[in-house]
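Peer 1: start28.cif is reproduced in full below (mmCIF, C-alpha atoms).
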data_work
loop_
_atom_site.group_PDB
_atom_site.id
_atom_site.type_symbol
_atom_site.label_atom_id
_atom_site.label_comp_id
_atom_site.auth_asym_id
_atom_site.auth_seq_id
_atom_site.Cartn_x
_atom_site.Cartn_y
_atom_site.Cartn_z
ATOM 1 C CA MET A 1 -277.351 127.088 131.553
ATOM 2 C CA ILE A 2 -276.398 124.357 129.063
ATOM 3 C CA PHE A 3 -272.749 125.259 129.513
ATOM 4 C CA LEU A 4 -273.071 124.851 133.288
ATOM 5 C CA VAL A 5 -274.655 121.422 132.842
ATOM 6 C CA TYR A 6 -271.733 120.352 130.668
ATOM 7 C CA LEU A 7 -269.276 121.611 133.282
ATOM 8 C CA ILE A 8 -271.019 119.712 136.091
ATOM 9 C CA ILE A 9 -271.266 116.435 134.176
ATOM 10 C CA SER A 10 -267.681 116.675 132.948
ATOM 11 C CA ALA A 11 -266.375 117.421 136.450
ATOM 12 C CA ALA A 12 -268.321 114.574 138.064
ATOM 13 C CA VAL A 13 -267.444 111.889 135.513
ATOM 14 C CA SER A 14 -263.804 112.978 135.293
ATOM 15 C CA TYR A 15 -263.389 113.050 139.068
ATOM 16 C CA LEU A 16 -264.958 109.628 139.589
ATOM 17 C CA LEU A 17 -262.982 107.929 136.821
ATOM 18 C CA GLY A 18 -259.844 109.790 137.807
ATOM 19 C CA GLY A 19 -260.176 108.289 141.257
ATOM 20 C CA VAL A 20 -259.666 104.780 139.907
ATOM 21 C CA ASN A 21 -256.106 103.981 140.985
ATOM 22 C CA GLY A 22 -254.107 101.376 139.096
ATOM 23 C CA ALA A 23 -251.462 101.011 141.808
ATOM 24 C CA ILE A 24 -254.018 100.340 144.541
ATOM 25 C CA ILE A 25 -256.056 97.947 142.404
ATOM 26 C CA LEU A 26 -253.094 95.910 141.159
ATOM 27 C CA SER A 27 -251.386 95.732 144.564
ATOM 28 C CA ARG A 28 -254.574 94.256 146.013
ATOM 29 C CA ILE A 29 -255.247 91.850 143.130
ATOM 30 C CA PHE A 30 -251.732 90.484 142.615
ATOM 31 C CA TYR A 31 -250.159 90.848 146.047
ATOM 32 C CA GLY A 32 -253.063 91.047 148.500
ATOM 33 C CA GLU A 33 -251.614 94.275 149.874
ATOM 34 C CA ASP A 34 -252.288 98.010 149.787
ATOM 35 C CA ILE A 35 -249.503 99.981 148.130
ATOM 36 C CA ARG A 36 -250.392 102.898 150.414
ATOM 37 C CA GLU A 37 -248.916 100.880 153.269
ATOM 38 C CA LYS A 38 -245.680 100.057 151.458
ATOM 39 C CA GLY A 39 -242.529 101.974 150.631
ATOM 40 C CA SER A 40 -243.168 105.707 150.435
ATOM 41 C CA LYS A 41 -246.904 104.911 150.765
ATOM 42 C CA ASN A 42 -247.650 106.797 147.557
ATOM 43 C CA PRO A 43 -250.071 104.900 145.267
ATOM 44 C CA GLY A 44 -248.212 105.641 142.050
ATOM 45 C CA PHE A 45 -245.973 103.930 139.517
ATOM 46 C CA THR A 46 -242.620 104.876 141.050
ATOM 47 C CA ASN A 47 -243.410 103.526 144.502
ATOM 48 C CA PHE A 48 -245.158 100.472 143.028
ATOM 49 C CA LYS A 49 -242.064 99.662 140.977
ATOM 50 C CA ARG A 50 -239.754 100.064 143.963
ATOM 51 C CA VAL A 51 -241.896 97.788 146.109
ATOM 52 C CA TYR A 52 -242.896 95.074 143.618
ATOM 53 C CA GLY A 53 -240.152 95.193 141.030
ATOM 54 C CA ASN A 54 -239.772 95.984 137.354
ATOM 55 C CA GLY A 55 -242.352 93.535 136.033
ATOM 56 C CA ILE A 56 -245.328 93.827 133.713
ATOM 57 C CA VAL A 57 -247.691 94.466 136.632
ATOM 58 C CA SER A 58 -245.740 97.566 137.620
ATOM 59 C CA TRP A 59 -245.833 98.988 134.105
ATOM 60 C CA SER A 60 -249.554 98.217 133.906
ATOM 61 C CA VAL A 61 -250.037 100.917 136.560
ATOM 62 C CA ILE A 62 -249.081 103.528 133.973
ATOM 63 C CA LEU A 63 -251.454 102.020 131.406
ATOM 64 C CA ILE A 64 -254.412 102.159 133.806
ATOM 65 C CA ASP A 65 -253.652 105.727 134.902
ATOM 66 C CA VAL A 66 -253.368 106.884 131.287
ATOM 67 C CA LEU A 67 -256.532 105.163 130.076
ATOM 68 C CA LYS A 68 -258.690 106.269 133.018
ATOM 69 C CA THR A 69 -257.717 109.859 132.157
ATOM 70 C CA ALA A 70 -257.700 109.657 128.369
ATOM 71 C CA PHE A 71 -261.272 108.380 128.143
ATOM 72 C CA PRO A 72 -263.106 111.144 130.072
ATOM 73 C CA VAL A 73 -260.782 113.868 128.742
ATOM 74 C CA PHE A 74 -261.388 112.833 125.132
ATOM 75 C CA ILE A 75 -265.158 112.573 125.614
ATOM 76 C CA SER A 76 -265.284 115.927 127.389
ATOM 77 C CA ALA A 77 -263.134 117.638 124.766
ATOM 78 C CA LEU A 78 -265.288 116.202 121.981
ATOM 79 C CA ALA A 79 -268.528 117.249 123.698
ATOM 80 C CA PHE A 80 -267.284 120.795 124.315
ATOM 81 C CA GLU A 81 -266.046 121.040 120.733
ATOM 82 C CA MET A 82 -269.337 119.876 119.244
ATOM 83 C CA ARG A 83 -271.509 122.083 121.466
ATOM 84 C CA PHE A 84 -269.315 125.142 122.148
ATOM 85 C CA GLU A 85 -266.420 124.823 119.666
ATOM 86 C CA THR A 86 -263.828 124.768 122.447
ATOM 87 C CA TRP A 87 -261.913 121.487 122.440
ATOM 88 C CA GLN A 88 -259.009 122.735 124.565
ATOM 89 C CA LEU A 89 -261.244 123.990 127.343
ATOM 90 C CA GLY A 90 -263.099 120.693 127.550
ATOM 91 C CA ALA A 91 -259.841 118.742 127.665
ATOM 92 C CA ALA A 92 -258.097 120.976 130.219
ATOM 93 C CA TYR A 93 -261.172 121.167 132.449
ATOM 94 C CA SER A 94 -261.784 117.418 132.430
ATOM 95 C CA GLY A 95 -258.084 116.744 132.939
ATOM 96 C CA LEU A 96 -257.926 118.868 136.069
ATOM 97 C CA PHE A 97 -260.823 116.958 137.630
ATOM 98 C CA CYS A 98 -259.259 113.635 136.663
ATOM 99 C CA MET A 99 -256.153 114.789 138.514
ATOM 100 C CA LEU A 100 -258.195 115.839 141.540
ATOM 101 C CA GLY A 101 -259.885 112.454 141.508
ATOM 102 C CA HIS A 102 -256.499 110.751 141.409
ATOM 103 C CA CYS A 103 -255.191 112.849 144.309
ATOM 104 C CA PHE A 104 -258.313 112.725 146.452
ATOM 105 C CA PRO A 105 -260.317 109.641 145.366
ATOM 106 C CA ILE A 106 -263.667 109.092 146.996
ATOM 107 C CA TRP A 107 -263.173 105.359 146.349
ATOM 108 C CA TYR A 108 -260.140 105.183 148.661
ATOM 109 C CA LYS A 109 -261.023 107.545 151.501
ATOM 110 C CA PHE A 110 -259.523 110.487 149.608
ATOM 111 C CA LYS A 111 -255.993 109.075 149.855
ATOM 112 C CA GLY A 112 -254.516 109.071 146.382
ATOM 113 C CA GLY A 113 -251.445 109.775 144.314
ATOM 114 C CA LYS A 114 -249.680 112.785 142.879
ATOM 115 C CA ALA A 115 -251.467 113.028 139.517
ATOM 116 C CA PHE A 116 -248.434 113.424 137.283
ATOM 117 C CA MET A 117 -249.431 110.631 134.914
ATOM 118 C CA ALA A 118 -253.022 111.888 134.744
ATOM 119 C CA GLY A 119 -251.717 115.351 133.965
ATOM 120 C CA PHE A 120 -249.322 113.996 131.362
ATOM 121 C CA ALA A 121 -252.132 112.115 129.608
ATOM 122 C CA THR A 122 -254.225 115.289 129.580
ATOM 123 C CA THR A 123 -251.529 117.355 127.847
ATOM 124 C CA TRP A 124 -251.850 115.281 124.671
ATOM 125 C CA PHE A 125 -255.480 116.303 124.316
ATOM 126 C CA VAL A 126 -254.937 119.957 125.186
ATOM 127 C CA ASP A 127 -252.061 120.470 122.734
ATOM 128 C CA TRP A 128 -249.888 117.634 121.455
ATOM 129 C CA ARG A 129 -247.021 120.071 120.863
ATOM 130 C CA MET A 130 -247.013 120.977 124.540
ATOM 131 C CA ALA A 131 -247.036 117.272 125.396
ATOM 132 C CA VAL A 132 -244.035 116.512 123.171
ATOM 133 C CA LEU A 133 -241.986 119.423 124.515
ATOM 134 C CA ALA A 134 -242.905 118.682 128.134
ATOM 135 C CA MET A 135 -242.014 115.027 127.628
ATOM 136 C CA GLY A 136 -238.631 116.136 126.305
ATOM 137 C CA VAL A 137 -238.106 118.264 129.408
ATOM 138 C CA PHE A 138 -239.107 115.330 131.613
ATOM 139 C CA PHE A 139 -236.639 112.857 130.098
ATOM 140 C CA VAL A 140 -233.763 115.335 129.982
ATOM 141 C CA VAL A 141 -234.213 116.254 133.660
ATOM 142 C CA LEU A 142 -234.679 112.604 134.659
ATOM 143 C CA TRP A 143 -231.493 111.655 132.779
ATOM 144 C CA MET A 144 -229.548 114.502 134.382
ATOM 145 C CA PHE A 145 -230.663 114.143 137.999
ATOM 146 C CA LYS A 146 -232.215 110.645 138.226
ATOM 147 C CA TYR A 147 -235.021 111.906 140.466
ATOM 148 C CA MET A 148 -238.540 111.143 139.238
ATOM 149 C CA SER A 149 -239.998 113.855 141.490
ATOM 150 C CA VAL A 150 -237.711 116.547 140.074
ATOM 151 C CA ALA A 151 -238.415 115.490 136.491
ATOM 152 C CA SER A 152 -242.172 115.345 137.101
ATOM 153 C CA CYS A 153 -242.395 118.767 138.721
ATOM 154 C CA THR A 154 -240.121 120.391 136.146
ATOM 155 C CA ALA A 155 -242.191 118.985 133.283
ATOM 156 C CA ALA A 156 -245.408 120.062 135.001
ATOM 157 C CA LEU A 157 -244.068 123.585 135.485
ATOM 158 C CA ALA A 158 -242.994 123.697 131.837
ATOM 159 C CA CYS A 159 -246.502 122.926 130.540
ATOM 160 C CA PRO A 160 -248.251 126.284 131.183
ATOM 161 C CA ILE A 161 -245.122 128.125 130.042
ATOM 162 C CA ILE A 162 -244.985 126.156 126.798
ATOM 163 C CA LEU A 163 -248.734 126.547 126.242
ATOM 164 C CA PHE A 164 -248.457 130.296 126.742
ATOM 165 C CA PHE A 165 -246.000 130.593 123.870
ATOM 166 C CA LEU A 166 -247.924 128.171 121.669
ATOM 167 C CA GLY A 167 -251.090 130.173 122.240
ATOM 168 C CA PRO A 168 -253.960 128.649 124.253
ATOM 169 C CA ALA A 169 -257.509 128.750 122.912
ATOM 170 C CA SER A 170 -258.466 131.055 125.784
ATOM 171 C CA GLY A 171 -257.182 132.471 129.050
ATOM 172 C CA TRP A 172 -259.220 129.883 130.925
ATOM 173 C CA VAL A 173 -257.267 127.074 129.285
ATOM 174 C CA GLU A 174 -254.013 128.672 130.416
ATOM 175 C CA ILE A 175 -255.372 129.054 133.962
ATOM 176 C CA LEU A 176 -256.533 125.427 134.080
ATOM 177 C CA CYS A 177 -253.139 124.281 132.852
ATOM 178 C CA ALA A 178 -251.355 126.398 135.476
ATOM 179 C CA VAL A 179 -253.596 125.080 138.274
ATOM 180 C CA SER A 180 -252.980 121.500 137.121
ATOM 181 C CA ALA A 181 -249.221 122.075 137.172
ATOM 182 C CA LEU A 182 -249.443 123.614 140.634
ATOM 183 C CA LEU A 183 -251.405 120.595 141.869
ATOM 184 C CA VAL A 184 -248.650 118.229 140.731
ATOM 185 C CA ILE A 185 -245.966 120.351 142.376
ATOM 186 C CA VAL A 186 -247.849 120.693 145.669
ATOM 187 C CA ARG A 187 -248.504 116.957 145.802
ATOM 188 C CA HIS A 188 -244.755 116.368 145.537
ATOM 189 C CA TYR A 189 -244.046 118.403 148.660
ATOM 190 C CA PRO A 190 -242.955 115.299 150.672
ATOM 191 C CA ASN A 191 -240.389 114.612 147.964
ATOM 192 C CA PHE A 192 -238.944 118.104 148.347
ATOM 193 C CA ILE A 193 -238.415 117.388 152.034
ATOM 194 C CA LYS A 194 -236.635 114.137 151.181
ATOM 195 C CA LEU A 195 -234.485 115.924 148.616
ATOM 196 C CA LYS A 196 -233.508 118.474 151.243
ATOM 197 C CA ASN A 197 -232.650 115.712 153.703
ATOM 198 C CA GLY A 198 -230.821 113.656 151.091
ATOM 199 C CA THR A 199 -233.180 110.694 151.468
ATOM 200 C CA GLU A 200 -234.990 110.858 148.124
ATOM 201 C CA SER A 201 -234.520 107.666 146.108
ATOM 202 C CA LYS A 202 -233.173 107.868 142.574
ATOM 203 C CA PHE A 203 -235.107 106.321 139.712
ATOM 204 C CA SER A 204 -233.704 103.329 137.855
ATOM 205 C CA LEU A 205 -235.103 100.959 135.249
ATOM 206 C CA LYS A 206 -233.248 98.180 137.005
ATOM 207 C CA SER A 207 -234.702 96.499 140.060
ATOM 208 C CA ASN A 208 -233.267 94.165 142.662
ATOM 209 C CA ASN A 209 -236.690 93.417 144.078
ATOM 210 C CA GLN A 210 -237.501 89.718 143.681
ATOM 211 C CA LYS A 211 -241.226 90.212 144.235
ATOM 212 C CA MET A 212 -241.986 90.550 140.557
ATOM 213 C CA ALA A 213 -244.793 89.518 138.265
#
Give the structure from this file in structure tokens form.

Peer 2:
Amino acid sequence: MIFLVYLIISAAVSYLLGGVNGAIILSRIFYGEDIREKGSKNPGFTNFKRVYGNGIVSWSVILIDVLKTAFPVFISALAFEMRFETWQLGAAYSGLFCMLGHCFPIWYKFKGGKAFMAGFATTWFVDWRMAVLAMGVFFVVLWMFKYMSVASCTAALACPIILFFLGPASGWVEILCAVSALLVIVRHYPNFIKLKNGTESKFSLKSNNQKMA
């Protein structure tokens, strides 16, 4: 019964905090616009950067998305470790609900982002070795192909594979990691269509957009 209570509280808090979207908040505060109506209409860092430029506001989107995930995931992992001696389960479980909150936020009529950054932040609490290896995969693929969507999905897919070989704390942790990876991949479905049609934009640190802050 106590375990169920922990699961419910962790899911609720993680989902609600995960639904806080840095791209939506900053586009409204600094530009008086809704990023979901601009560019690809995705409320994430890549689209925000393309629309508003390579300024500090754009990079702050990443900071917000990481912090809003790191806080509930850390608290959940710590609580599960102290009560049930299962840090990884608490982190992976909370992380998945943070990702769901980011994708389907109640605060924004359930129209959210693709959860890659939330998932990436979660990996550091599940197993830092998985995070380092997945980050390596991400940057190598991004350097090779220049597509953020391809790099994100490849890194997400690599996570449960890497964790399997590292040895998860339990089968449930592996399942949660696999479901999280699948969520990221499914949310990038529109990008797959663009890739097929040759209309997917390549990622660049440079920006010609003059609407910067």

Peer 1: If I take atom CA of A:Ala115 and atom CA of A:Ile2, how far is one from the other in Å, to one decimal?

Peer 2: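 Pair atom CA of A:Ala115 / atom CA of A:Ile2 returns 29.3 Å.
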
Peer 1: Find the residues near stretch 143-149 of chain A: any atom within 12 Å, counting all atoms listed in the file, skip ones fewer than 4 places away on the same chain, and give them as number ranges by chain.

Peer 2: A: 44-47, 114-117, 136-139, 153-156, 184-195, 198-205

Peer 1: So that I can see what lies close to A:Pro160, please list as a list in words the residues with an atom at most 10 Å from it, counting all atoms listed in the file and leaving out residues fewer than 4 positions away in the same chain.

Peer 2: Met130, Ala134, Ala155, Ala156, Phe164, Phe165, Leu166, Pro168, Val173, Glu174, Ile175, Leu176, Cys177, Ala178, Val179, Ser180, Ala181 and Leu182 of chain A

Peer 1: Using all atoms listed in the file, which residues sit within 7 Å of stretch 118-124 of chain A once same-chain residues fewer than 2 positions away are excluded, as a ChimeraX atom specification?

Peer 2: /A:65-66,69-70,73,91-92,95,98-99,115-116,126-128,130-131

Peer 1: Excluding A:Gly39 and any residue of its chain fewer than 3 positions from it, enumerate the residues within 9 Å of it, using only C-alpha atoms, and give them as a list in words.

Peer 2: Ile35, Arg36, Asn42, Asn47, Phe48, Arg50 and Val51 of chain A

Peer 1: May I ask which of the residues A:Val5, A:Ala11, A:Ile56, A:Val20 is the closest one to A:Phe110, counting all atoms listed in the file?

Peer 2: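 Of A:Val5, A:Ala11, A:Ile56, A:Val20, the one nearest A:Phe110 is A:Val20, counting all atoms listed in the file.
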
Peer 1: What is the atom CA of A:Ser94 to atom CA of A:Lys41 distance in Å?

Peer 2: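 Here the two named atoms are 26.7 Å from each other.
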
Peer 1: Considering all atoms listed in the file, state which residue in the set A:Cys159, A:Tyr6, A:Ala12, A:Ser58 is at the smallest distance from A:Met82.

Peer 2: A:Tyr6

Peer 1: One number please: atom CA of A:Trp87 to atom CA of A:Gly167, in Å, one decimal.

Peer 2: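 Between these atoms lies a distance of 13.9 Å.
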
Peer 1: Got a sec: who's within 7 Å of A:Gly19, counting only C-alpha atoms, leaving out chain neighbours fewer than 5 positions off, as a PyMOL selection string?

Peer 2: chain A and resi 101-102+105-107

Peer 1: Closest to A:Val13 among A:Tyr93, A:Phe125, A:Trp172, A:Phe84, using all atoms listed in the file?

Peer 2: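 Nearest to A:Val13: A:Tyr93.
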
Peer 1: Measuring between all atoms listed in the file, which one of A:Phe80, A:Asn197, A:Tyr108, A:Ile162 shows the shortest distance to A:Ile9?

Peer 2: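 Of A:Phe80, A:Asn197, A:Tyr108, A:Ile162, the one nearest A:Ile9 is A:Phe80, counting all atoms listed in the file.
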
Peer 1: Could you add the missing atoms to stretch 60-92 of chain A, up to N, CA and C atoms, and return them as a compact mmCIF listing (two decimals), in the frame of the given file?

Peer 2:
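The new file part_10.txt reads:
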# COMPACT_ATOMS: atom_id res chain seq x y z
N SER A 60 -248.11 98.14 134.16
CA SER A 60 -249.55 98.22 133.91
C SER A 60 -250.19 99.35 134.69
N VAL A 61 -249.54 99.78 135.77
CA VAL A 61 -250.04 100.92 136.56
C VAL A 61 -250.13 102.15 135.68
N ILE A 62 -249.09 102.38 134.88
CA ILE A 62 -249.08 103.53 133.97
C ILE A 62 -250.22 103.42 132.97
N LEU A 63 -250.41 102.22 132.42
CA LEU A 63 -251.45 102.02 131.41
C LEU A 63 -252.83 102.36 131.97
N ILE A 64 -253.11 101.89 133.18
CA ILE A 64 -254.41 102.16 133.81
C ILE A 64 -254.59 103.66 134.05
N ASP A 65 -253.56 104.30 134.58
CA ASP A 65 -253.65 105.73 134.90
C ASP A 65 -253.82 106.58 133.64
N VAL A 66 -253.22 106.15 132.55
CA VAL A 66 -253.37 106.88 131.29
C VAL A 66 -254.77 106.69 130.71
N LEU A 67 -255.23 105.46 130.67
CA LEU A 67 -256.53 105.16 130.08
C LEU A 67 -257.68 105.77 130.86
N LYS A 68 -257.60 105.73 132.20
CA LYS A 68 -258.69 106.27 133.02
C LYS A 68 -258.81 107.78 132.84
N THR A 69 -257.71 108.42 132.42
CA THR A 69 -257.72 109.86 132.16
C THR A 69 -258.09 110.15 130.71
N ALA A 70 -257.49 109.41 129.80
CA ALA A 70 -257.70 109.66 128.37
C ALA A 70 -259.17 109.56 127.97
N PHE A 71 -259.87 108.58 128.54
CA PHE A 71 -261.27 108.38 128.14
C PHE A 71 -262.16 109.58 128.49
N PRO A 72 -262.24 110.00 129.76
CA PRO A 72 -263.11 111.14 130.07
C PRO A 72 -262.62 112.46 129.44
N VAL A 73 -261.31 112.63 129.33
CA VAL A 73 -260.78 113.87 128.74
C VAL A 73 -261.16 113.95 127.27
N PHE A 74 -261.02 112.85 126.55
CA PHE A 74 -261.39 112.83 125.13
C PHE A 74 -262.87 113.09 124.94
N ILE A 75 -263.71 112.41 125.72
CA ILE A 75 -265.16 112.57 125.61
C ILE A 75 -265.56 114.01 125.95
N SER A 76 -264.97 114.55 126.98
CA SER A 76 -265.28 115.93 127.39
C SER A 76 -264.85 116.92 126.32
N ALA A 77 -263.64 116.74 125.81
CA ALA A 77 -263.13 117.64 124.77
C ALA A 77 -264.02 117.58 123.53
N LEU A 78 -264.43 116.37 123.15
CA LEU A 78 -265.29 116.20 121.98
C LEU A 78 -266.65 116.85 122.20
N ALA A 79 -267.22 116.67 123.38
CA ALA A 79 -268.53 117.25 123.70
C ALA A 79 -268.47 118.77 123.69
N PHE A 80 -267.43 119.34 124.28
CA PHE A 80 -267.28 120.80 124.32
C PHE A 80 -267.02 121.36 122.92
N GLU A 81 -266.32 120.60 122.10
CA GLU A 81 -266.05 121.04 120.73
C GLU A 81 -267.33 121.05 119.90
N MET A 82 -268.11 120.00 120.02
CA MET A 82 -269.34 119.88 119.24
C MET A 82 -270.39 120.89 119.67
N ARG A 83 -270.46 121.19 120.97
CA ARG A 83 -271.51 122.08 121.47
C ARG A 83 -271.06 123.54 121.55
N PHE A 84 -269.77 123.76 121.92
CA PHE A 84 -269.32 125.14 122.15
C PHE A 84 -268.08 125.53 121.33
N GLU A 85 -267.60 124.59 120.50
CA GLU A 85 -266.42 124.82 119.67
C GLU A 85 -265.20 125.22 120.51
N THR A 86 -264.97 124.49 121.59
CA THR A 86 -263.83 124.77 122.45
C THR A 86 -263.24 123.47 122.98
N TRP A 87 -262.53 122.77 122.11
CA TRP A 87 -261.91 121.49 122.44
C TRP A 87 -260.94 121.61 123.61
N GLN A 88 -260.04 122.58 123.53
CA GLN A 88 -259.01 122.74 124.56
C GLN A 88 -259.60 122.94 125.95
N LEU A 89 -260.63 123.73 126.04
CA LEU A 89 -261.24 123.99 127.34
C LEU A 89 -261.83 122.71 127.92
N GLY A 90 -262.51 121.95 127.09
CA GLY A 90 -263.10 120.69 127.55
C GLY A 90 -262.04 119.72 128.03
N ALA A 91 -260.93 119.66 127.30
CA ALA A 91 -259.84 118.74 127.66
C ALA A 91 -259.15 119.18 128.96
N ALA A 92 -258.81 120.46 129.04
CA ALA A 92 -258.10 120.98 130.22
C ALA A 92 -258.97 120.90 131.47
